[in-house]
file upload_30.txt (compact mmCIF, C-alpha atoms and all ligand atoms)
# COMPACT_ATOMS: atom_id res chain seq x y z
CA MET A 1 55.38 53.21 89.25
CA SER A 2 54.24 52.53 92.78
CA LYS A 3 55.07 48.81 92.40
CA GLN A 4 58.61 49.80 91.45
CA ASN A 5 58.85 52.12 94.47
CA MET A 6 57.54 49.40 96.74
CA GLU A 7 60.09 46.91 95.37
CA GLN A 8 62.91 49.39 96.00
CA ILE A 9 61.70 49.87 99.57
CA LEU A 10 61.43 46.13 100.20
CA ASN A 11 64.97 45.65 98.88
CA LYS A 12 66.24 48.39 101.21
CA ILE A 13 64.50 46.71 104.15
CA LYS A 14 66.16 43.40 103.26
CA GLU A 15 69.58 45.09 103.06
CA TYR A 16 69.54 46.32 106.68
CA ASP A 17 69.74 44.47 110.00
CA ARG A 18 68.43 47.48 111.90
CA ILE A 19 65.49 49.65 110.92
CA MET A 20 64.23 52.79 112.68
CA LEU A 21 60.70 53.96 111.99
CA PHE A 22 59.80 57.66 112.18
CA ARG A 23 56.58 59.64 112.20
CA HIS A 24 55.48 63.27 112.28
CA LYS A 25 55.22 65.75 115.15
CA ARG A 26 51.83 66.09 116.87
CA ILE A 27 51.25 62.39 116.47
CA ASP A 28 47.93 61.13 115.24
CA GLY A 29 46.27 57.78 114.59
CA ASP A 30 47.67 57.41 111.09
CA CYS A 31 51.36 58.01 111.75
CA THR A 32 51.12 55.95 114.94
CA GLY A 33 49.26 53.11 113.24
CA ALA A 34 51.57 53.12 110.22
CA THR A 35 54.78 52.96 112.29
CA LYS A 36 53.46 50.38 114.73
CA GLY A 37 51.78 48.34 112.00
CA LEU A 38 54.87 48.27 109.79
CA LYS A 39 57.02 47.41 112.79
CA GLU A 40 54.84 44.39 113.58
CA ILE A 41 54.85 43.23 109.95
CA LEU A 42 58.65 43.49 109.79
CA LYS A 43 59.13 41.80 113.17
CA ALA A 44 56.89 38.89 112.16
CA THR A 45 58.58 38.56 108.78
CA TYR A 46 62.20 39.10 109.79
CA PRO A 47 62.56 37.98 113.43
CA THR A 48 66.31 38.61 113.48
CA LYS A 49 66.14 42.24 112.38
CA GLU A 50 66.06 44.97 115.03
CA ILE A 51 63.13 47.33 114.47
CA TYR A 52 62.66 50.47 116.58
CA ILE A 53 60.18 53.29 116.97
CA ILE A 54 61.69 56.01 119.14
CA ASP A 55 59.56 59.08 119.75
CA ASP A 56 59.22 61.40 122.77
CA GLU A 57 55.70 62.42 121.90
CA ARG A 58 52.81 60.78 123.72
CA SER A 59 49.12 60.82 122.97
CA ASP A 60 46.45 60.07 125.59
CA PHE A 61 44.02 59.32 122.79
CA LEU A 62 46.30 56.60 121.39
CA ALA A 63 47.72 55.29 124.68
CA PHE A 64 45.63 52.11 124.28
CA LEU A 65 47.99 51.08 121.46
CA GLY A 66 50.92 50.82 123.89
CA SER A 67 54.22 52.63 124.20
CA ASP A 68 57.16 52.94 121.84
CA ASP A 69 60.77 51.85 122.31
CA ALA A 70 63.19 53.37 124.80
CA PRO A 71 65.59 56.08 123.58
CA ALA A 72 68.80 54.75 121.99
CA ALA A 73 72.35 56.05 121.67
CA ASP A 74 73.37 57.85 118.49
CA GLU A 75 75.42 54.82 117.33
CA VAL A 76 72.25 52.76 117.13
CA TYR A 77 70.98 55.07 114.41
CA ALA A 78 74.24 55.23 112.50
CA ASP A 79 74.06 51.93 110.65
CA ALA A 80 70.27 51.80 110.45
CA LEU A 81 67.79 52.32 107.66
CA GLY A 82 65.30 55.05 108.59
CA ILE A 83 61.77 54.72 107.25
CA VAL A 84 59.75 57.90 107.64
CA LEU A 85 56.01 57.44 107.52
CA ASP A 86 53.20 59.92 106.92
CA THR A 87 55.52 62.95 107.00
CA ALA A 88 55.72 65.31 104.01
CA THR A 89 58.77 67.31 105.06
CA THR A 90 61.82 66.47 107.15
CA ASP A 91 61.21 69.42 109.52
CA ARG A 92 58.01 67.68 110.66
CA ILE A 93 59.73 64.42 111.67
CA SER A 94 59.21 64.13 115.43
CA ASN A 95 62.52 62.47 116.32
CA GLY A 96 65.30 64.75 115.08
CA LYS A 97 67.79 61.88 115.22
CA TYR A 98 66.40 60.59 111.92
CA ALA A 99 69.28 62.49 110.32
CA LEU A 100 71.78 60.07 111.90
CA CYS A 101 70.43 57.10 109.94
CA LYS A 102 72.60 55.77 107.15
CA GLU A 103 69.80 56.05 104.60
CA LEU A 104 66.21 57.25 104.64
CA VAL A 105 63.08 56.03 102.92
CA LYS A 106 59.88 58.08 102.63
CA ILE A 107 56.39 56.54 102.60
CA ASP A 108 53.67 59.17 102.61
CA HIS A 109 50.28 60.26 101.32
CA HIS A 110 50.69 64.05 101.64
CA ILE A 111 51.42 66.37 98.74
CA ASP A 112 55.08 65.74 97.90
CA VAL A 113 56.40 69.25 98.57
CA GLU A 114 59.81 67.97 99.69
CA PRO A 115 60.98 64.67 98.27
CA TYR A 116 63.65 63.12 100.52
CA GLY A 117 65.39 59.81 101.07
CA VAL A 118 67.15 57.30 98.83
CA CYS A 119 63.77 55.98 97.81
CA SER A 120 60.38 57.46 98.18
CA TRP A 121 56.85 56.21 97.65
CA VAL A 122 54.16 58.87 97.80
CA GLU A 123 50.50 58.27 96.98
CA GLU A 124 48.63 61.52 97.44
CA GLU A 125 45.35 59.84 96.55
CA SER A 126 45.63 57.34 99.38
CA SER A 127 43.23 58.05 102.25
CA SER A 128 45.86 57.21 104.88
CA CYS A 129 49.46 56.14 105.17
CA CYS A 130 48.17 52.98 106.86
CA GLU A 131 46.30 52.15 103.65
CA MET A 132 49.67 52.31 101.86
CA ILE A 133 51.21 49.92 104.38
CA VAL A 134 48.36 47.47 103.79
CA LYS A 135 48.97 47.79 100.01
CA PHE A 136 52.66 47.18 100.64
CA TYR A 137 51.83 44.03 102.59
CA ASP A 138 49.31 42.90 99.96
CA THR A 139 51.77 43.41 97.09
CA PHE A 140 54.32 41.14 98.76
CA ARG A 141 51.90 38.91 100.67
CA ASN A 142 53.85 35.81 99.69
CA GLU A 143 56.82 37.21 101.55
CA LEU A 144 55.49 39.48 104.32
CA LYS A 145 53.52 38.39 107.37
CA LEU A 146 50.55 40.35 108.67
CA THR A 147 49.62 39.68 112.30
CA ARG A 148 46.40 40.52 114.13
CA GLU A 149 48.32 43.09 116.16
CA ALA A 150 49.65 44.77 113.01
CA ALA A 151 46.17 44.75 111.52
CA THR A 152 44.79 46.44 114.66
CA TYR A 153 47.32 49.29 114.44
CA LEU A 154 46.75 49.77 110.74
CA TYR A 155 42.98 49.76 111.13
CA VAL A 156 43.23 52.52 113.75
CA GLY A 157 45.15 54.67 111.26
CA MET A 158 42.75 53.94 108.42
CA VAL A 159 39.69 54.72 110.54
CA THR A 160 41.02 57.93 112.07
CA ASP A 161 42.55 59.45 108.94
CA SER A 162 39.50 58.74 106.78
CA GLY A 163 36.96 60.05 109.32
CA ARG A 164 35.66 56.51 109.78
CA PHE A 165 35.75 55.88 106.00
CA ARG A 166 33.89 59.05 105.20
CA TYR A 167 36.30 61.58 103.64
CA ARG A 168 36.81 62.18 99.96
CA GLY A 169 40.00 60.13 99.67
CA VAL A 170 38.16 56.91 100.53
CA SER A 171 38.16 54.64 97.47
CA GLY A 172 37.46 51.06 96.55
CA ASP A 173 41.12 50.38 97.34
CA THR A 174 40.61 51.82 100.83
CA MET A 175 37.80 49.38 101.47
CA ARG A 176 39.72 46.46 99.97
CA CYS A 177 42.65 47.28 102.29
CA ALA A 178 40.28 47.55 105.27
CA GLY A 179 38.91 44.15 104.25
CA ILE A 180 42.40 42.62 104.41
CA LEU A 181 42.69 43.91 108.00
CA LEU A 182 39.21 42.71 108.99
CA ASP A 183 40.17 39.25 107.69
CA GLN A 184 42.68 39.16 110.58
CA ASP A 185 39.72 39.04 112.96
CA ILE A 186 40.57 42.31 114.67
CA ASN A 187 38.30 43.50 117.48
CA THR A 188 36.58 46.56 115.99
CA ASP A 189 34.29 47.02 119.03
CA TRP A 190 37.36 47.44 121.20
CA ILE A 191 39.03 49.76 118.69
CA PHE A 192 35.99 52.03 118.28
CA ALA A 193 35.31 52.11 122.03
CA ASN A 194 38.89 53.20 122.69
CA LEU A 195 38.81 55.81 119.95
CA TYR A 196 35.41 57.37 120.35
CA LEU A 197 33.84 56.94 123.80
CA GLU A 198 33.70 60.27 125.61
CA GLU A 199 33.67 61.32 129.23
CA PHE A 200 30.41 62.92 130.32
CA ASP A 201 32.31 66.12 131.18
CA ASN A 202 33.59 66.29 127.61
CA LEU A 203 30.06 66.31 126.31
CA LYS A 204 29.26 69.18 128.63
CA PHE A 205 32.30 71.01 127.32
CA ARG A 206 31.07 70.37 123.80
CA ALA A 207 27.76 72.01 124.65
CA HIS A 208 29.76 75.05 125.72
CA LEU A 209 31.62 75.00 122.40
CA TYR A 210 28.35 75.18 120.49
CA ASP A 211 27.62 78.38 122.42
CA LEU A 212 31.01 79.82 121.61
CA MET A 213 31.25 79.04 117.92
CA LYS A 214 30.92 81.84 115.41
CA ILE A 215 29.76 81.76 111.82
CA THR A 216 30.70 84.29 109.15
CA GLU A 217 28.32 85.78 106.63
CA ASN A 218 29.19 83.35 103.85
CA GLY A 219 29.64 80.18 105.89
CA VAL A 220 32.89 79.77 107.81
CA ALA A 221 32.39 78.30 111.30
CA TYR A 222 35.18 78.95 113.76
CA LEU A 223 36.23 78.59 117.36
CA TYR A 224 38.92 80.32 119.37
CA ILE A 225 40.33 78.19 122.19
CA SER A 226 42.33 80.45 124.49
CA GLN A 227 44.87 79.30 127.06
CA GLU A 228 42.47 80.55 129.69
CA MET A 229 39.74 78.21 128.47
CA GLN A 230 42.17 75.30 128.23
CA LYS A 231 43.05 75.84 131.89
CA GLN A 232 39.45 76.39 132.97
CA TYR A 233 38.31 73.10 131.46
CA ASN A 234 41.59 71.33 132.19
CA LEU A 235 42.04 70.47 128.51
CA SER A 236 45.07 68.61 127.22
CA ARG A 237 46.57 69.95 124.01
CA GLU A 238 44.91 67.09 122.18
CA GLU A 239 41.50 67.82 123.66
CA ALA A 240 41.85 71.48 122.76
CA SER A 241 42.82 70.49 119.21
CA ALA A 242 39.93 68.05 118.91
CA THR A 243 37.44 70.91 119.21
CA ILE A 244 37.64 71.29 115.42
CA SER A 245 35.36 68.27 115.12
CA ALA A 246 32.50 70.16 116.80
CA LEU A 247 32.21 72.27 113.65
CA ASP A 248 32.16 69.68 110.93
CA SER A 249 28.48 69.13 110.27
CA ILE A 250 26.89 72.54 109.87
CA LYS A 251 24.80 73.01 106.75
CA GLY A 252 26.16 75.78 104.56
CA CYS A 253 29.47 76.03 106.43
CA LEU A 254 31.83 74.68 103.80
CA CYS A 255 34.88 75.67 105.80
CA TRP A 256 35.57 75.46 109.53
CA LEU A 257 38.51 76.57 111.59
CA ALA A 258 39.79 76.10 115.12
CA PHE A 259 42.34 78.52 116.56
CA ILE A 260 44.16 77.01 119.54
CA GLU A 261 46.53 79.11 121.62
CA ASN A 262 49.73 77.10 122.10
CA GLY A 263 50.74 78.90 125.30
CA ASP A 264 54.35 79.34 124.18
CA GLU A 265 56.62 82.37 124.42
CA GLU A 266 55.93 83.45 120.85
CA GLN A 267 52.20 83.39 121.59
CA SER A 268 51.68 81.20 118.56
CA ILE A 269 48.22 80.02 117.67
CA ARG A 270 47.70 76.68 115.98
CA VAL A 271 45.11 76.77 113.21
CA ARG A 272 43.27 73.69 112.08
CA LEU A 273 41.48 74.19 108.77
CA ARG A 274 38.84 71.87 107.36
CA SER A 275 36.48 72.09 104.38
CA ARG A 276 34.10 70.07 102.29
CA PHE A 277 33.60 70.39 98.51
CA MET A 278 36.10 73.30 98.28
CA THR A 279 39.86 73.11 98.89
CA ILE A 280 41.56 74.92 101.74
CA ASN A 281 45.27 74.07 101.65
CA THR A 282 46.16 77.17 99.58
CA LEU A 283 44.88 79.31 102.45
CA ALA A 284 46.93 77.32 105.00
CA GLU A 285 50.03 77.85 102.85
CA LYS A 286 49.62 81.63 103.20
CA TYR A 287 49.84 81.28 106.99
CA ARG A 288 52.95 79.15 107.50
CA GLY A 289 51.18 75.87 106.89
CA GLY A 290 49.88 73.40 104.37
CA GLY A 291 48.32 69.99 104.20
CA HIS A 292 45.59 68.23 102.27
CA ALA A 293 42.93 69.76 100.04
CA CYS A 294 40.25 69.59 102.74
CA ALA A 295 42.33 69.25 105.94
CA SER A 296 45.24 71.57 106.60
CA GLY A 297 47.13 73.19 109.44
CA ALA A 298 48.76 76.59 109.88
CA THR A 299 50.21 78.92 112.53
CA VAL A 300 49.31 82.53 113.29
CA TYR A 301 50.63 84.93 115.92
CA ASN A 302 48.01 87.54 116.80
CA ALA A 303 44.38 88.63 116.57
CA ASP A 304 45.00 90.54 113.34
CA GLU A 305 46.19 87.36 111.64
CA VAL A 306 43.24 85.41 113.07
CA ASN A 307 40.82 87.96 111.64
CA ALA A 308 42.62 88.11 108.31
CA LEU A 309 42.56 84.32 107.97
CA VAL A 310 38.85 84.16 108.82
CA SER A 311 38.10 86.93 106.28
CA GLU A 312 40.07 85.17 103.56
CA ALA A 313 38.29 81.90 104.31
CA ASP A 314 34.96 83.71 104.14
CA ALA A 315 35.85 85.20 100.75
CA MET A 316 36.87 81.76 99.48
CA VAL A 317 33.58 80.22 100.59
CA LYS A 318 31.66 83.08 98.94
CA GLU A 319 33.56 82.61 95.71
CA TYR A 320 33.01 78.86 95.81
CA LYS A 321 29.28 79.13 96.47
CA GLU A 322 28.85 81.67 93.66
CA SER A 323 30.65 79.52 91.12
CA HIS A 324 29.44 76.04 92.08
CA GLU A 325 26.18 74.21 92.55
CA GLY A 326 25.25 71.24 94.65
CA TRP A 327 27.14 72.22 97.83
CA LEU A 328 25.51 71.71 101.18
P1 LIG A 401 46.00 69.12 111.59
O1 LIG A 401 44.87 70.06 111.64
O2 LIG A 401 47.17 69.60 112.37
O3 LIG A 401 45.58 67.71 111.85
O4 LIG A 401 46.54 69.12 110.09
C1 LIG A 401 45.79 68.64 109.02
C2 LIG A 401 46.72 68.21 107.93
O5 LIG A 401 47.54 69.30 107.53
C3 LIG A 401 47.64 67.10 108.36
O6 LIG A 401 47.69 66.15 107.34
C4 LIG A 401 48.98 67.74 108.53
O7 LIG A 401 49.99 66.90 108.11
C5 LIG A 401 48.91 68.96 107.64
N1 LIG A 401 49.62 70.08 108.27
C6 LIG A 401 49.38 70.59 109.49
N2 LIG A 401 50.20 71.61 109.77
C7 LIG A 401 51.01 71.74 108.71
C8 LIG A 401 52.11 72.60 108.38
N3 LIG A 401 52.53 73.57 109.21
N4 LIG A 401 52.70 72.44 107.19
C9 LIG A 401 52.28 71.49 106.33
N5 LIG A 401 51.25 70.64 106.57
C10 LIG A 401 50.64 70.75 107.73

call {"tool": "encode", "arguments": {"input": "upload_30.txt", "output": "C-alpha cells", "more": "lines below"}}
Ligand code: AMP
result
Amino acid sequence: MSKQNMEQILNKIKEYDRIMLFRHKRIDGDCTGATKGLKEILKATYPTKEIYIIDDERSDFLAFLGSDDAPAADEVYADALGIVLDTATTDRISNGKYALCKELVKIDHHIDVEPYGVCSWVEEESSSCCEMIVKFYDTFRNELKLTREAATYLYVGMVTDSGRFRYRGVSGDTMRCAGILLDQDINTDWIFANLYLEEFDNLKFRAHLYDLMKITENGVAYLYISQEMQKQYNLSREEASATISALDSIKGCLCWLAFIENGDEEQSIRVRLRSRFMTINTLAEKYRGGGHACASGATVYNADEVNALVSEADAMVKEYKESHEGWL
C-alpha cells in the first residue's frame, strides 16, 4: 500500500513545475528536516522545478539549518502542488496559504484523524516524518538524488523526533534509513553540537526546575512554567517548552507534564504530555489536543483545568501500574 502511495506522490511531483512544501505550527526538528530535506532532494533531482518552503515561524534551536524562502504572492501558490509534511490536520499547517495550492499531498506519521489532499501517505508506525522521506528516496533511488545537505536535514529530524533513536517507534527500518543518511558522510559531531550543547545559565535554570517539579502520589511528574518565570529567566517560548525534558527520567513516573503559560489574551496554557509504557494521547484529546501514544499536546485555560488534568493523569498511572508488570 505504501509503495502505491509513494508512486502516486512521485507522479504528482513530476506533473508540477512548482512545488510548495508545508509543515506544522510550532516548528520542530522533524517538520523542518522533512521539508528542507525533501526540498534538497527535489532540487537536486529536478533542477528546473521551483521548490519553495514559505513559513513565518522561526526557531532559535534550528537556526543552524538556515532560513526558508521569502514570502510569495498568492499567484505563486495557485498553480503549485502543495506537499504538507508531518502535519495531521489542516488547521495545524503553519502557512495558511496552503489552501491556495492547486492540489495538496499529505505525508505524515501522526494518527490519521483528518485525511486530506489528492493523495496521502501516512505511516503511523514511522518514528519520524524524515524517516518516511528517506524511505521515499530509497524506494526511487534510481531516480531521486540524495545530497549531503539533504541527508543532514533529514538526520536532524530523525534524531530529534526519535529522542536520539530511543523512543518506542524506533525500528530496524529507522536504523536502516539513518544508515542511508550516514552513508552521505554527514557531520554528526556538528549536528549534535548544534542540537544539544547548552549554555551554562540554562543548566542553572534546570537546577531550579528540579526544585520546582512536583510528583503526584501515583507517579505523574509535572512543572508549571508561568509567564512570570519566563520573564524572570528570559526564556524564549521554545526554552520554556523544552522544560518537559527535565522530567523524562524519573523512576516510577510513567507520565510527565509541562504546563506553559502562553501569555495570550485568553490566558491559554500549553500542555505537553509525555509517558513511557502507558499511552497518554486519550487524555490529551479530552483537553483540546491529541498526538502520539506517548507524546501529545493539549491546551487548558485555568488552574481548575490544570488540576483536573493532573488528577486524571494520576488516575491513569495508578490504573496502569495496578494492571501491568515490568514498568519502571
Ligand atoms: P508537543 O508537546 O507540542 O511537542 O506535542 C507532542 C505531539 O503531539 C506532537 O507530535 C504534536 O503533533 C502533537 N500535538 C500537539 N498538540 C496537539 C493538538 N492540539 N492536537 C493534536 N496533536 C497535537

call {"tool": "residues_around", "arguments": {"input": "upload_30.txt", "residues": "Thr216 of chain A", "least_positions_apart": "2", "cutoff": "12 Å", "atoms": "all atoms listed in the file", "output": "MDAnalysis selection string"}}
result
chainID A and resid 213:214 218:223 252:257 307 309:318

call {"tool": "residues_near_ligand", "arguments": {"input": "upload_30.txt", "ligand": "ligand LIG 401 (chain A)", "cutoff": "7 Å", "atoms": "all atoms listed in the file", "output": "list in words"}}
result
Thr87, His110, Val271, Arg272, Leu273, Arg288, Gly289, Gly290, Gly291, His292, Ala295, Ser296, Gly297, Ala298 and Thr299 of chain A

call {"tool": "closest_residue", "arguments": {"input": "upload_30.txt", "among": "A:Phe205, A:Trp327, A:Tyr153, A:Tyr98", "to": "Asp30 of chain A", "atoms": "all atoms listed in the file"}}
result
A:Tyr153

call {"tool": "atom_distance", "arguments": {"input": "upload_30.txt", "atom1": "atom CA of Val134 of chain A", "atom2": "atom CA of Ile41 of chain A"}}
result
9.9 Å

call {"tool": "atom_distance", "arguments": {"input": "upload_30.txt", "atom1": "atom CA of His24 of chain A", "atom2": "atom CA of Cys129 of chain A"}}
result
11.7 Å

call {"tool": "residues_around", "arguments": {"input": "upload_30.txt", "residues": "segment 224-232 of chain A", "least_positions_apart": "3", "cutoff": "8 Å", "atoms": "all atoms listed in the file", "output": "JSON, numbers by chain"}}
result
{"A": [213, 235, 236, 240, 258, 259, 260, 261, 262, 263]}

call {"tool": "write_last_selection", "arguments": {"input": "upload_30.txt", "atoms": "C-alpha atoms", "output": "JSON list (two decimals), in the coordinates of the input"}}
result
[["chain", "number", "residue", "atom", "x", "y", "z"],
["A", 213, "MET", "CA", 31.25, 79.04, 117.92],
["A", 235, "LEU", "CA", 42.04, 70.47, 128.51],
["A", 236, "SER", "CA", 45.07, 68.61, 127.22],
["A", 240, "ALA", "CA", 41.85, 71.48, 122.76],
["A", 258, "ALA", "CA", 39.79, 76.10, 115.12],
["A", 259, "PHE", "CA", 42.34, 78.52, 116.56],
["A", 260, "ILE", "CA", 44.16, 77.01, 119.54],
["A", 261, "GLU", "CA", 46.53, 79.11, 121.62],
["A", 262, "ASN", "CA", 49.73, 77.10, 122.10],
["A", 263, "GLY", "CA", 50.74, 78.90, 125.30]]

call {"tool": "closest_residue", "arguments": {"input": "upload_30.txt", "among": "A:Lys102, A:Arg148, A:Arg168, A:Lys49", "to": "Ser126 of chain A", "atoms": "all atoms listed in the file"}}
result
A:Arg168

call {"tool": "closest_residue", "arguments": {"input": "upload_30.txt", "among": "A:Arg23, A:Ser127, A:Phe64, A:Ile54", "to": "Val84 of chain A", "atoms": "only C-alpha atoms"}}
result
A:Arg23

call {"tool": "atom_distance", "arguments": {"input": "upload_30.txt", "atom1": "atom CA of Leu146 of chain A", "atom2": "atom CA of Pro47 of chain A"}}
result
13.1 Å

call {"tool": "closest_residue", "arguments": {"input": "upload_30.txt", "among": "A:Ala150, A:Ala78, A:Ile51, A:Ala308", "to": "Ile180 of chain A", "atoms": "only C-alpha atoms"}}
result
A:Ala150

call {"tool": "closest_residue", "arguments": {"input": "upload_30.txt", "among": "A:Glu319, A:Glu149, A:Glu217, A:Asp248", "to": "Arg276 of chain A", "atoms": "only C-alpha atoms"}}
result
A:Asp248

call {"tool": "residues_around", "arguments": {"input": "upload_30.txt", "residues": "segment 60-62 of chain A", "least_positions_apart": "5", "cutoff": "9 Å", "atoms": "all atoms listed in the file", "output": "PDB file with C-alpha atoms, in the frame of the given file"}}
result
ATOM      1  CA  ASP A  28      47.930  61.130 115.240  1.00  0.00           C
ATOM      2  CA  GLY A  29      46.270  57.780 114.590  1.00  0.00           C
ATOM      3  CA  THR A  32      51.120  55.950 114.940  1.00  0.00           C
ATOM      4  CA  ASN A 194      38.890  53.200 122.690  1.00  0.00           C
ATOM      5  CA  LEU A 195      38.810  55.810 119.950  1.00  0.00           C
ATOM      6  CA  SER A 236      45.070  68.610 127.220  1.00  0.00           C
ATOM      7  CA  GLU A 238      44.910  67.090 122.180  1.00  0.00           C
ATOM      8  CA  GLU A 239      41.500  67.820 123.660  1.00  0.00           C
TER       9      GLU A 239
END

call {"tool": "build_atoms", "arguments": {"input": "upload_30.txt", "residues": "segment 251-259 of chain A", "atoms": "all heavy atoms", "output": "PDB file, in the frame of the given file"}}
result
ATOM      1  N   LYS A 251      25.263  72.754 108.128  1.00  0.00           N
ATOM      2  CA  LYS A 251      24.800  73.010 106.750  1.00  0.00           C
ATOM      3  C   LYS A 251      25.230  74.394 106.306  1.00  0.00           C
ATOM      4  O   LYS A 251      25.053  75.368 107.036  1.00  0.00           O
ATOM      5  CB  LYS A 251      23.272  72.918 106.691  1.00  0.00           C
ATOM      6  CG  LYS A 251      22.798  71.643 106.079  1.00  0.00           C
ATOM      7  CD  LYS A 251      21.330  71.688 105.733  1.00  0.00           C
ATOM      8  CE  LYS A 251      20.920  70.312 105.271  1.00  0.00           C
ATOM      9  NZ  LYS A 251      19.481  70.147 105.182  1.00  0.00           N
ATOM     10  N   GLY A 252      25.775  74.485 105.119  1.00  0.00           N
ATOM     11  CA  GLY A 252      26.160  75.780 104.560  1.00  0.00           C
ATOM     12  C   GLY A 252      27.542  76.241 104.989  1.00  0.00           C
ATOM     13  O   GLY A 252      28.108  77.141 104.370  1.00  0.00           O
ATOM     14  N   CYS A 253      28.099  75.672 106.021  1.00  0.00           N
ATOM     15  CA  CYS A 253      29.470  76.030 106.430  1.00  0.00           C
ATOM     16  C   CYS A 253      30.440  75.089 105.729  1.00  0.00           C
ATOM     17  O   CYS A 253      30.688  73.975 106.217  1.00  0.00           O
ATOM     18  CB  CYS A 253      29.640  75.943 107.947  1.00  0.00           C
ATOM     19  SG  CYS A 253      28.794  77.261 108.796  1.00  0.00           S
ATOM     20  N   LEU A 254      30.964  75.540 104.613  1.00  0.00           N
ATOM     21  CA  LEU A 254      31.830  74.680 103.800  1.00  0.00           C
ATOM     22  C   LEU A 254      33.250  74.659 104.334  1.00  0.00           C
ATOM     23  O   LEU A 254      34.069  73.857 103.909  1.00  0.00           O
ATOM     24  CB  LEU A 254      31.844  75.150 102.345  1.00  0.00           C
ATOM     25  CG  LEU A 254      30.495  75.296 101.646  1.00  0.00           C
ATOM     26  CD1 LEU A 254      30.694  75.497 100.159  1.00  0.00           C
ATOM     27  CD2 LEU A 254      29.603  74.097 101.916  1.00  0.00           C
ATOM     28  N   CYS A 255      33.532  75.596 105.227  1.00  0.00           N
ATOM     29  CA  CYS A 255      34.880  75.670 105.800  1.00  0.00           C
ATOM     30  C   CYS A 255      34.738  75.903 107.292  1.00  0.00           C
ATOM     31  O   CYS A 255      33.855  76.643 107.724  1.00  0.00           O
ATOM     32  CB  CYS A 255      35.607  76.847 105.140  1.00  0.00           C
ATOM     33  SG  CYS A 255      37.144  77.293 105.947  1.00  0.00           S
ATOM     34  N   TRP A 256      35.597  75.243 108.086  1.00  0.00           N
ATOM     35  CA  TRP A 256      35.570  75.460 109.530  1.00  0.00           C
ATOM     36  C   TRP A 256      36.993  75.477 110.056  1.00  0.00           C
ATOM     37  O   TRP A 256      37.883  74.801 109.532  1.00  0.00           O
ATOM     38  CB  TRP A 256      34.655  74.485 110.243  1.00  0.00           C
ATOM     39  CG  TRP A 256      34.865  73.022 110.006  1.00  0.00           C
ATOM     40  CD1 TRP A 256      35.448  72.138 110.850  1.00  0.00           C
ATOM     41  CD2 TRP A 256      34.463  72.260 108.842  1.00  0.00           C
ATOM     42  NE1 TRP A 256      35.429  70.876 110.298  1.00  0.00           N
ATOM     43  CE2 TRP A 256      34.835  70.922 109.071  1.00  0.00           C
ATOM     44  CE3 TRP A 256      33.836  72.574 107.630  1.00  0.00           C
ATOM     45  CZ2 TRP A 256      34.608  69.893 108.143  1.00  0.00           C
ATOM     46  CZ3 TRP A 256      33.606  71.560 106.697  1.00  0.00           C
ATOM     47  CH2 TRP A 256      33.982  70.242 106.970  1.00  0.00           C
ATOM     48  N   LEU A 257      37.165  76.296 111.087  1.00  0.00           N
ATOM     49  CA  LEU A 257      38.510  76.570 111.590  1.00  0.00           C
ATOM     50  C   LEU A 257      38.524  76.506 113.115  1.00  0.00           C
ATOM     51  O   LEU A 257      37.567  76.943 113.747  1.00  0.00           O
ATOM     52  CB  LEU A 257      38.936  78.005 111.216  1.00  0.00           C
ATOM     53  CG  LEU A 257      38.703  78.472 109.780  1.00  0.00           C
ATOM     54  CD1 LEU A 257      38.871  79.992 109.695  1.00  0.00           C
ATOM     55  CD2 LEU A 257      39.711  77.787 108.864  1.00  0.00           C
ATOM     56  N   ALA A 258      39.591  75.992 113.668  1.00  0.00           N
ATOM     57  CA  ALA A 258      39.790  76.100 115.120  1.00  0.00           C
ATOM     58  C   ALA A 258      41.133  76.775 115.351  1.00  0.00           C
ATOM     59  O   ALA A 258      42.147  76.379 114.761  1.00  0.00           O
ATOM     60  CB  ALA A 258      39.766  74.728 115.777  1.00  0.00           C
ATOM     61  N   PHE A 259      41.118  77.810 116.168  1.00  0.00           N
ATOM     62  CA  PHE A 259      42.340  78.520 116.560  1.00  0.00           C
ATOM     63  C   PHE A 259      42.651  78.091 117.989  1.00  0.00           C
ATOM     64  O   PHE A 259      41.811  78.265 118.882  1.00  0.00           O
ATOM     65  CB  PHE A 259      42.131  80.024 116.518  1.00  0.00           C
ATOM     66  CG  PHE A 259      41.841  80.539 115.140  1.00  0.00           C
ATOM     67  CD1 PHE A 259      40.539  80.655 114.676  1.00  0.00           C
ATOM     68  CD2 PHE A 259      42.873  80.894 114.291  1.00  0.00           C
ATOM     69  CE1 PHE A 259      40.268  81.120 113.395  1.00  0.00           C
ATOM     70  CE2 PHE A 259      42.624  81.363 113.006  1.00  0.00           C
ATOM     71  CZ  PHE A 259      41.323  81.476 112.550  1.00  0.00           C
TER      72      PHE A 259
END
